[in-house]
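The file target_1.csv contains CSV, C-alpha atoms:
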```
chain,number,residue,atom,x,y,z
A,24,MET,CA,-16.4,-2.8,12.6
A,25,LEU,CA,-12.9,-2.1,14.1
A,26,GLU,CA,-13.0,-2.1,17.9
A,27,GLU,CA,-10.3,0.5,17.9
A,28,LEU,CA,-12.1,2.9,15.6
A,29,PRO,CA,-12.3,6.3,17.3
A,30,ARG,CA,-15.9,7.4,18.1
A,31,GLN,CA,-17.2,10.8,16.9
A,32,PRO,CA,-15.9,13.7,19.0
A,33,LEU,CA,-18.8,15.2,20.9
A,34,SER,CA,-18.2,18.8,19.7
A,35,LEU,CA,-17.7,17.9,16.1
A,36,PRO,CA,-21.3,17.9,14.7
A,37,MET,CA,-22.0,21.4,16.2
A,38,LEU,CA,-18.7,22.7,15.0
A,39,MET,CA,-19.2,21.3,11.5
A,40,ARG,CA,-22.6,22.9,11.3
A,41,ALA,CA,-21.3,26.2,12.5
A,42,LEU,CA,-18.4,26.3,10.2
A,43,SER,CA,-20.5,25.4,7.1
A,44,ASP,CA,-23.0,28.2,8.0
A,45,GLU,CA,-22.0,31.4,6.3
A,46,SER,CA,-23.9,33.4,8.9
A,47,THR,CA,-21.8,32.1,11.8
A,48,ASP,CA,-19.8,35.0,13.3
A,49,ARG,CA,-16.6,35.0,15.4
A,50,GLN,CA,-18.4,35.2,18.7
A,51,LYS,CA,-20.7,32.3,18.0
A,52,LEU,CA,-17.9,30.1,17.0
A,53,THR,CA,-15.8,31.1,20.0
A,54,ASP,CA,-18.8,30.3,22.4
A,55,ILE,CA,-19.2,26.8,20.9
A,56,ILE,CA,-15.5,26.0,21.4
A,57,LEU,CA,-15.4,27.4,24.9
A,58,LYS,CA,-18.2,25.0,26.0
A,59,ASP,CA,-15.7,22.2,25.6
A,60,PRO,CA,-12.7,22.9,28.0
A,61,ALA,CA,-10.7,20.0,26.6
A,62,LEU,CA,-11.2,21.2,23.1
A,63,THR,CA,-10.2,24.7,24.1
A,64,ASP,CA,-6.9,23.5,25.6
A,65,GLN,CA,-6.1,21.4,22.5
A,66,LEU,CA,-7.1,24.2,20.1
A,67,LEU,CA,-4.7,26.7,21.8
A,68,GLN,CA,-1.9,24.1,21.7
A,69,VAL,CA,-2.4,23.4,18.1
A,70,ALA,CA,-2.9,27.1,17.1
A,71,ASN,CA,0.5,27.9,18.7
A,72,SER,CA,2.3,25.0,17.0
A,73,PRO,CA,4.7,25.7,14.0
A,74,TYR,CA,2.1,24.3,11.7
A,75,PHE,CA,-0.4,27.0,12.3
A,76,ARG,CA,0.9,30.1,14.2
A,77,PRO,CA,1.2,32.9,11.7
A,78,GLY,CA,3.8,34.9,13.6
A,79,GLU,CA,6.0,35.0,16.6
A,80,HIS,CA,3.4,36.1,19.1
A,81,THR,CA,1.6,33.5,21.2
A,82,ILE,CA,-2.1,33.1,20.7
A,83,GLU,CA,-3.6,33.2,24.2
A,84,SER,CA,-7.3,32.9,23.8
A,85,VAL,CA,-9.9,31.2,21.5
A,86,ASP,CA,-11.2,34.6,20.5
A,87,GLN,CA,-7.7,35.7,19.5
A,88,ALA,CA,-7.2,32.5,17.6
A,89,VAL,CA,-10.4,33.0,15.6
A,90,PHE,CA,-9.5,36.7,15.0
A,91,VAL,CA,-5.9,36.0,13.9
A,92,LEU,CA,-6.4,32.9,11.9
A,93,GLY,CA,-9.8,33.8,10.4
A,94,ILE,CA,-12.7,31.4,9.8
A,95,ASP,CA,-10.8,29.5,7.1
A,96,GLY,CA,-7.7,29.1,9.3
A,97,ILE,CA,-9.6,28.2,12.4
A,98,ARG,CA,-11.4,25.4,10.5
A,99,ASN,CA,-8.1,23.5,10.1
A,100,VAL,CA,-7.0,24.2,13.7
A,101,ILE,CA,-10.3,22.8,15.0
A,102,ALA,CA,-9.9,19.7,12.8
A,103,ALA,CA,-6.4,19.1,14.2
A,104,ALA,CA,-7.5,19.9,17.8
A,105,VAL,CA,-10.4,17.5,17.6
A,106,MET,CA,-8.1,14.7,16.2
A,107,ARG,CA,-5.0,15.4,18.4
A,108,PRO,CA,-6.2,13.4,21.5
A,109,MET,CA,-6.9,10.4,19.4
A,110,MET,CA,-3.4,10.5,18.0
A,111,ALA,CA,-1.7,10.7,21.5
A,112,ALA,CA,0.3,7.7,22.4
A,113,ARG,CA,-1.4,5.3,24.9
A,114,ASN,CA,1.9,3.9,26.2
A,115,SER,CA,5.6,3.9,25.6
A,116,ARG,CA,5.5,1.1,23.0
A,117,GLU,CA,3.5,3.2,20.6
A,118,ALA,CA,5.0,6.6,21.4
A,119,LEU,CA,7.3,6.9,18.5
A,120,PHE,CA,4.8,5.5,16.0
A,121,ALA,CA,2.1,7.8,17.2
A,122,GLN,CA,4.4,10.8,17.1
A,123,ARG,CA,5.4,10.0,13.5
A,124,CYS,CA,1.8,9.5,12.5
A,125,TRP,CA,0.9,12.9,13.9
A,126,ARG,CA,3.7,14.6,12.1
A,127,TRP,CA,2.9,12.9,8.8
A,128,GLY,CA,-0.8,13.6,9.2
A,129,LEU,CA,-0.3,17.3,9.8
A,130,SER,CA,2.1,17.5,6.9
A,131,CYS,CA,-0.3,15.7,4.6
A,132,GLY,CA,-3.2,17.9,5.7
A,133,ARG,CA,-1.3,21.1,5.1
A,134,ALA,CA,0.1,19.9,1.8
A,135,ALA,CA,-3.3,18.8,0.5
A,136,GLU,CA,-4.7,22.2,1.7
A,137,MET,CA,-2.1,24.1,-0.2
A,138,VAL,CA,-2.5,22.1,-3.4
A,139,ALA,CA,-6.3,22.5,-3.2
A,140,ARG,CA,-5.9,26.2,-2.8
A,141,LEU,CA,-3.6,26.4,-5.8
A,142,GLN,CA,-6.1,24.4,-7.9
A,143,GLY,CA,-9.2,26.2,-6.8
A,144,ALA,CA,-10.6,23.4,-4.6
A,145,ASP,CA,-11.9,23.5,-1.0
A,146,PRO,CA,-8.7,23.9,1.2
A,147,SER,CA,-10.4,23.1,4.5
A,148,ALA,CA,-12.1,19.9,3.3
A,149,HIS,CA,-8.7,18.7,1.9
A,150,PHE,CA,-7.0,19.5,5.2
A,151,MET,CA,-9.4,17.3,7.1
A,152,THR,CA,-9.2,14.4,4.7
A,153,GLY,CA,-5.4,14.8,4.7
A,154,LEU,CA,-5.4,14.1,8.4
A,155,LEU,CA,-7.5,10.9,8.2
A,156,PRO,CA,-4.9,8.5,6.7
A,157,SER,CA,-2.6,9.0,9.7
A,158,LEU,CA,-5.4,8.3,12.1
A,159,ALA,CA,-6.3,5.3,10.0
A,160,TYR,CA,-2.7,4.0,10.3
A,161,LEU,CA,-2.7,4.4,14.1
A,162,THR,CA,-6.1,2.8,14.4
A,163,LEU,CA,-5.0,-0.2,12.3
A,164,ARG,CA,-1.8,-0.6,14.4
A,165,ARG,CA,-3.9,-0.6,17.6
A,166,GLU,CA,-6.3,-3.1,16.2
A,167,LEU,CA,-3.5,-5.4,15.2
A,168,ASN,CA,-2.0,-5.0,18.7
A,169,ARG,CA,-5.3,-5.9,20.3
A,170,ILE,CA,-5.8,-9.0,18.1
A,171,CYS,CA,-2.2,-10.2,18.7
A,172,ARG,CA,-2.5,-9.7,22.5
A,173,THR,CA,-5.6,-11.9,22.6
A,174,SER,CA,-4.0,-14.6,20.4
A,175,ALA,CA,-2.2,-17.7,21.7
A,176,SER,CA,1.2,-16.2,21.3
A,177,GLY,CA,0.4,-12.8,22.7
A,178,ALA,CA,3.3,-11.4,20.6
A,179,GLU,CA,3.6,-7.9,19.0
A,180,PRO,CA,2.6,-7.8,15.3
A,181,GLU,CA,5.5,-8.1,12.9
A,182,PRO,CA,6.4,-4.9,10.9
A,183,ALA,CA,5.7,-6.7,7.7
A,184,LEU,CA,2.2,-7.5,8.8
A,185,ILE,CA,1.6,-3.9,9.9
A,186,ARG,CA,2.7,-2.7,6.4
A,187,GLN,CA,0.5,-5.2,4.7
A,188,VAL,CA,-2.6,-4.4,6.7
A,189,THR,CA,-2.1,-0.6,6.5
A,190,ALA,CA,-1.6,-0.7,2.7
A,191,ARG,CA,-4.7,-2.8,2.2
A,192,TYR,CA,-7.1,-1.2,4.6
A,193,GLN,CA,-5.9,2.4,4.9
A,194,TRP,CA,-8.6,4.0,2.7
A,195,THR,CA,-11.4,1.7,4.0
A,196,THR,CA,-10.6,2.8,7.5
A,197,CYS,CA,-10.7,6.4,6.4
A,198,GLN,CA,-14.2,5.9,5.0
A,199,LEU,CA,-15.2,4.2,8.3
A,200,LEU,CA,-14.0,7.2,10.2
A,201,ALA,CA,-15.9,9.5,7.9
A,202,ASN,CA,-19.0,7.4,8.4
A,203,GLU,CA,-18.5,7.2,12.2
A,204,TRP,CA,-18.1,11.0,12.4
A,205,ALA,CA,-21.0,11.7,10.0
A,206,LEU,CA,-18.8,13.9,7.8
A,207,PRO,CA,-20.6,15.5,4.8
A,208,PRO,CA,-20.7,13.5,1.5
A,209,LYS,CA,-17.9,15.7,0.0
A,210,TYR,CA,-15.4,14.1,2.4
A,211,HIS,CA,-16.3,10.6,1.3
A,212,ALA,CA,-16.0,11.7,-2.3
A,213,LEU,CA,-12.5,13.1,-1.8
A,214,LEU,CA,-11.4,9.9,-0.1
A,215,MET,CA,-12.9,7.8,-2.8
A,216,SER,CA,-11.2,9.8,-5.6
A,217,ALA,CA,-7.9,9.3,-3.8
A,218,GLU,CA,-8.4,5.6,-3.3
A,219,ARG,CA,-9.9,4.9,-6.8
A,220,PRO,CA,-9.0,7.7,-9.2
A,221,SER,CA,-10.8,7.8,-12.5
A,222,PRO,CA,-8.7,7.4,-15.6
A,223,ARG,CA,-9.2,11.0,-16.4
A,224,GLN,CA,-8.4,12.2,-13.0
A,225,VAL,CA,-5.4,10.3,-11.7
A,226,HIS,CA,-4.2,13.4,-9.7
A,227,THR,CA,-6.2,15.0,-6.9
A,228,PRO,CA,-5.1,17.6,-4.4
A,229,LEU,CA,-5.2,15.0,-1.7
A,230,THR,CA,-3.0,12.4,-3.4
A,231,ASP,CA,-0.6,15.1,-4.7
A,232,GLY,CA,-0.4,16.6,-1.2
A,233,MET,CA,0.3,13.2,0.3
A,234,VAL,CA,3.1,12.5,-2.2
A,235,LEU,CA,4.8,15.9,-1.4
A,236,ALA,CA,4.3,15.6,2.3
A,237,SER,CA,5.5,12.0,2.6
A,238,ARG,CA,8.6,12.9,0.7
A,239,GLU,CA,9.4,15.9,2.9
A,240,VAL,CA,8.7,13.9,6.1
A,241,LEU,CA,11.1,11.2,5.0
A,242,ARG,CA,13.7,13.7,3.9
A,243,HIS,CA,13.4,15.4,7.3
A,244,ALA,CA,14.0,12.1,9.0
A,245,HIS,CA,17.0,11.3,6.8
A,246,GLN,CA,15.2,8.3,5.3
A,247,ARG,CA,15.3,7.1,1.7
A,248,ASN,CA,12.6,8.8,-0.4
A,249,LEU,CA,11.4,9.6,-3.9
A,250,ALA,CA,14.2,10.8,-6.3
A,251,GLU,CA,14.1,14.5,-7.1
A,252,GLU,CA,13.7,13.9,-10.8
A,253,ASP,CA,10.7,11.7,-10.3
A,254,LEU,CA,8.6,14.2,-8.4
A,255,PRO,CA,7.3,16.3,-11.3
A,256,ARG,CA,5.9,13.2,-13.0
A,257,LEU,CA,3.9,12.2,-9.9
A,258,VAL,CA,2.1,15.4,-9.1
A,259,LEU,CA,-0.1,17.8,-11.2
A,260,LEU,CA,1.9,20.9,-10.3
A,261,ASN,CA,4.5,23.0,-12.0
A,262,ALA,CA,8.0,23.5,-10.6
A,263,GLU,CA,7.1,26.8,-8.9
A,264,GLN,CA,4.1,25.3,-7.2
A,265,ILE,CA,6.0,22.3,-6.1
A,266,GLY,CA,8.7,24.6,-4.6
A,267,GLN,CA,6.1,26.7,-2.8
A,268,VAL,CA,4.5,23.6,-1.1
A,269,ARG,CA,7.9,22.1,-0.3
A,270,LYS,CA,9.2,25.3,1.2
A,271,ALA,CA,6.2,25.6,3.5
A,272,LEU,CA,6.5,22.0,4.6
A,273,ARG,CA,10.2,22.2,5.3
A,274,ARG,CA,9.7,25.3,7.4
A,275,MET,CA,7.0,23.6,9.5
A,276,LEU,CA,9.0,20.4,10.0
A,277,GLN,CA,12.2,22.2,11.0
A,278,ASP,CA,10.3,24.4,13.5
A,279,GLY,CA,8.3,21.5,14.8
```
Can you present the structure in this file as structure tokens?
Amino acid sequence: MLEELPRQPLSLPMLMRALSDESTDRQKLTDIILKDPALTDQLLQVANSPYFRPGEHTIESVDQAVFVLGIDGIRNVIAAAVMRPMMAARNSREALFAQRCWRWGLSCGRAAEMVARLQGADPSAHFMTGLLPSLAYLTLRRELNRICRTSASGAEPEPALIRQVTARYQWTTCQLLANEWALPPKYHALLMSAERPSPRQVHTPLTDGMVLASREVLRHAHQRNLAEEDLPRLVLLNAEQIGQVRKALRRMLQDG
């Protein structure tokens, strides 16, 4: 077990049960959130970010957030609000890495959500699983830092080592997170299908969303990325759908 693996957020089990129960009304969900002041603060911050706020008006209360965003929209805000404290930088050395992980994670989550909706899959489940790889990256980076600090040299891990470890253990760490947080089986299935796609299902909303999001995040940062002509070959979307997802991602990244 990774020592840096984030433990299950206290409010998560109750929120997951409430959100999966079709009889849960707006007031009950609001009451659950308000019982956790820290979650309430995070939720309002996330709800007012460019990734979620549907208009120009500020969302000032949890009840307003649930009303404006609806049950489906608030699911994703809750997922991001629960995860946001874990993605916050612990010190100046990891500040830039943590910031980039958070931006990439939100972009992957939103892209996977949009692709899932286009393909008739569960948007909220794909948003949550789209967030997990970014937390896995940060967790592995922290684990490497911890190991290196306790080694004889005490040096920071080399970038090449970080790339090697994240590439090898990214999906394993995602599954560990899903286990630690007692996420429903469908989340494990989505992660597994992304890690080890079957020959007949190479494309999934999660993998296609991550391809589109990664490309837009790199483009926004003026970094080298996938060539334009290669994109249609790598995702199971038509040109109009690709354009729709990319437009939404670009708007969020520019405003954020």
Item checked: Selected residue, from A:Ala134, A:Ile56, A:Leu206, A:Val188, that lies nearest to Val258 (chain A) when counting all atoms listed in the file ->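 Distance minimum relative to Val258 (chain A) lands on A:Ala134.
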Note to self: Using all atoms listed in the file, list the residues that have an atom at most 12 Å from (3.5, 9.7, 1.1), coordinates as in the file, as a ChimeraX atom specification.
What the structure shows: /A:124,127-128,130-132,134-135,153,156-157,190,229-242,248-249,254,257-258
Checklist line | Residue nearest Met106 (chain A) among A:Arg219, A:Ala178, A:Leu35, A:Thr195 (counting all atoms listed in the file) | finding: A:Leu35
Note to self: Using all atoms listed in the file - which residues lie no farther than 9 Å from the point (-10.2, 29.0, 20.2) in the file's frame? Write them as an NGL selection string.
What the structure shows: :A and (52-54 or 56-57 or 62-67 or 70 or 83-89 or 97 or 100-101)
Next item on the list: Select, from A:His211, A:Ala41, A:Leu259, A:Leu184, the residue with the minimum atom-to-atom distance to Gln224 (chain A), counting all atoms listed in the file.
Entry: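 Ranking A:His211, A:Ala41, A:Leu259, A:Leu184 by distance to Gln224 (chain A), first place goes to A:Leu259.
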Check: Could you pull the residues within 10 Å of Leu199 (chain A), counting all atoms listed in the file, minus those fewer than 6 positions along the same chain, as number ranges by chain?
Finding: A: 24-25, 28-29, 159, 205, 211
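The list of residues with at least one atom within 7 Å of Met275 (chain A), based on all atoms listed in the file and without residues fewer than 4 positions apart in the same chain, reads Pro73, Tyr74, Ala271 and Gly279 of chain A.
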Prev. selection, C-alpha atoms, output as a PDB file, in the frame of the given file:
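The file below, selection.pdb, is the result:
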```
ATOM      1  CA  PRO A  73       4.700  25.700  14.000  1.00  0.00           C
ATOM      2  CA  TYR A  74       2.100  24.300  11.700  1.00  0.00           C
ATOM      3  CA  ALA A 271       6.200  25.600   3.500  1.00  0.00           C
ATOM      4  CA  GLY A 279       8.300  21.500  14.800  1.00  0.00           C
TER       5      GLY A 279
END
```
Checklist line | Pairwise distance for CA of Leu155 (chain A) and CA of Ala201 (chain A), rounded to one decimal in Å | finding: 8.5 Å
Margin query: When you count only C-alpha atoms, which of these residues is closest to Leu214 (chain A): A:Gln187, A:Thr152, A:Gln142, A:Ser34?
Written below: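 Between A:Gln187, A:Thr152, A:Gln142, A:Ser34, the residue approaching Leu214 (chain A) most closely is A:Thr152.
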Item checked: For CA of Phe150 (chain A) and CA of Ala104 (chain A), the interatomic separation in Å (one decimal) -> 12.6 Å
Next item on the list: Could you tell me how far CA of Leu213 (chain A) lies from CA of His149 (chain A), in Å and to one decimal?
Entry: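 Result for CA of Leu213 (chain A) versus CA of His149 (chain A): 7.7 Å, one decimal.
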Checklist line | region 108-112 of chain A surroundings by all atoms listed in the file, 7 Å radius, close-in-sequence under 3 positions cut, as a list in words | finding: Glu117, Ala118, Ala121, Trp125 and Leu158 of chain A
Note to self: Here is a test: counting only C-alpha atoms, which residue of A:Leu119, A:Ala61, A:Ile94, A:Leu163 is nearest to Glu27 (chain A)?
What the structure shows: A:Leu163
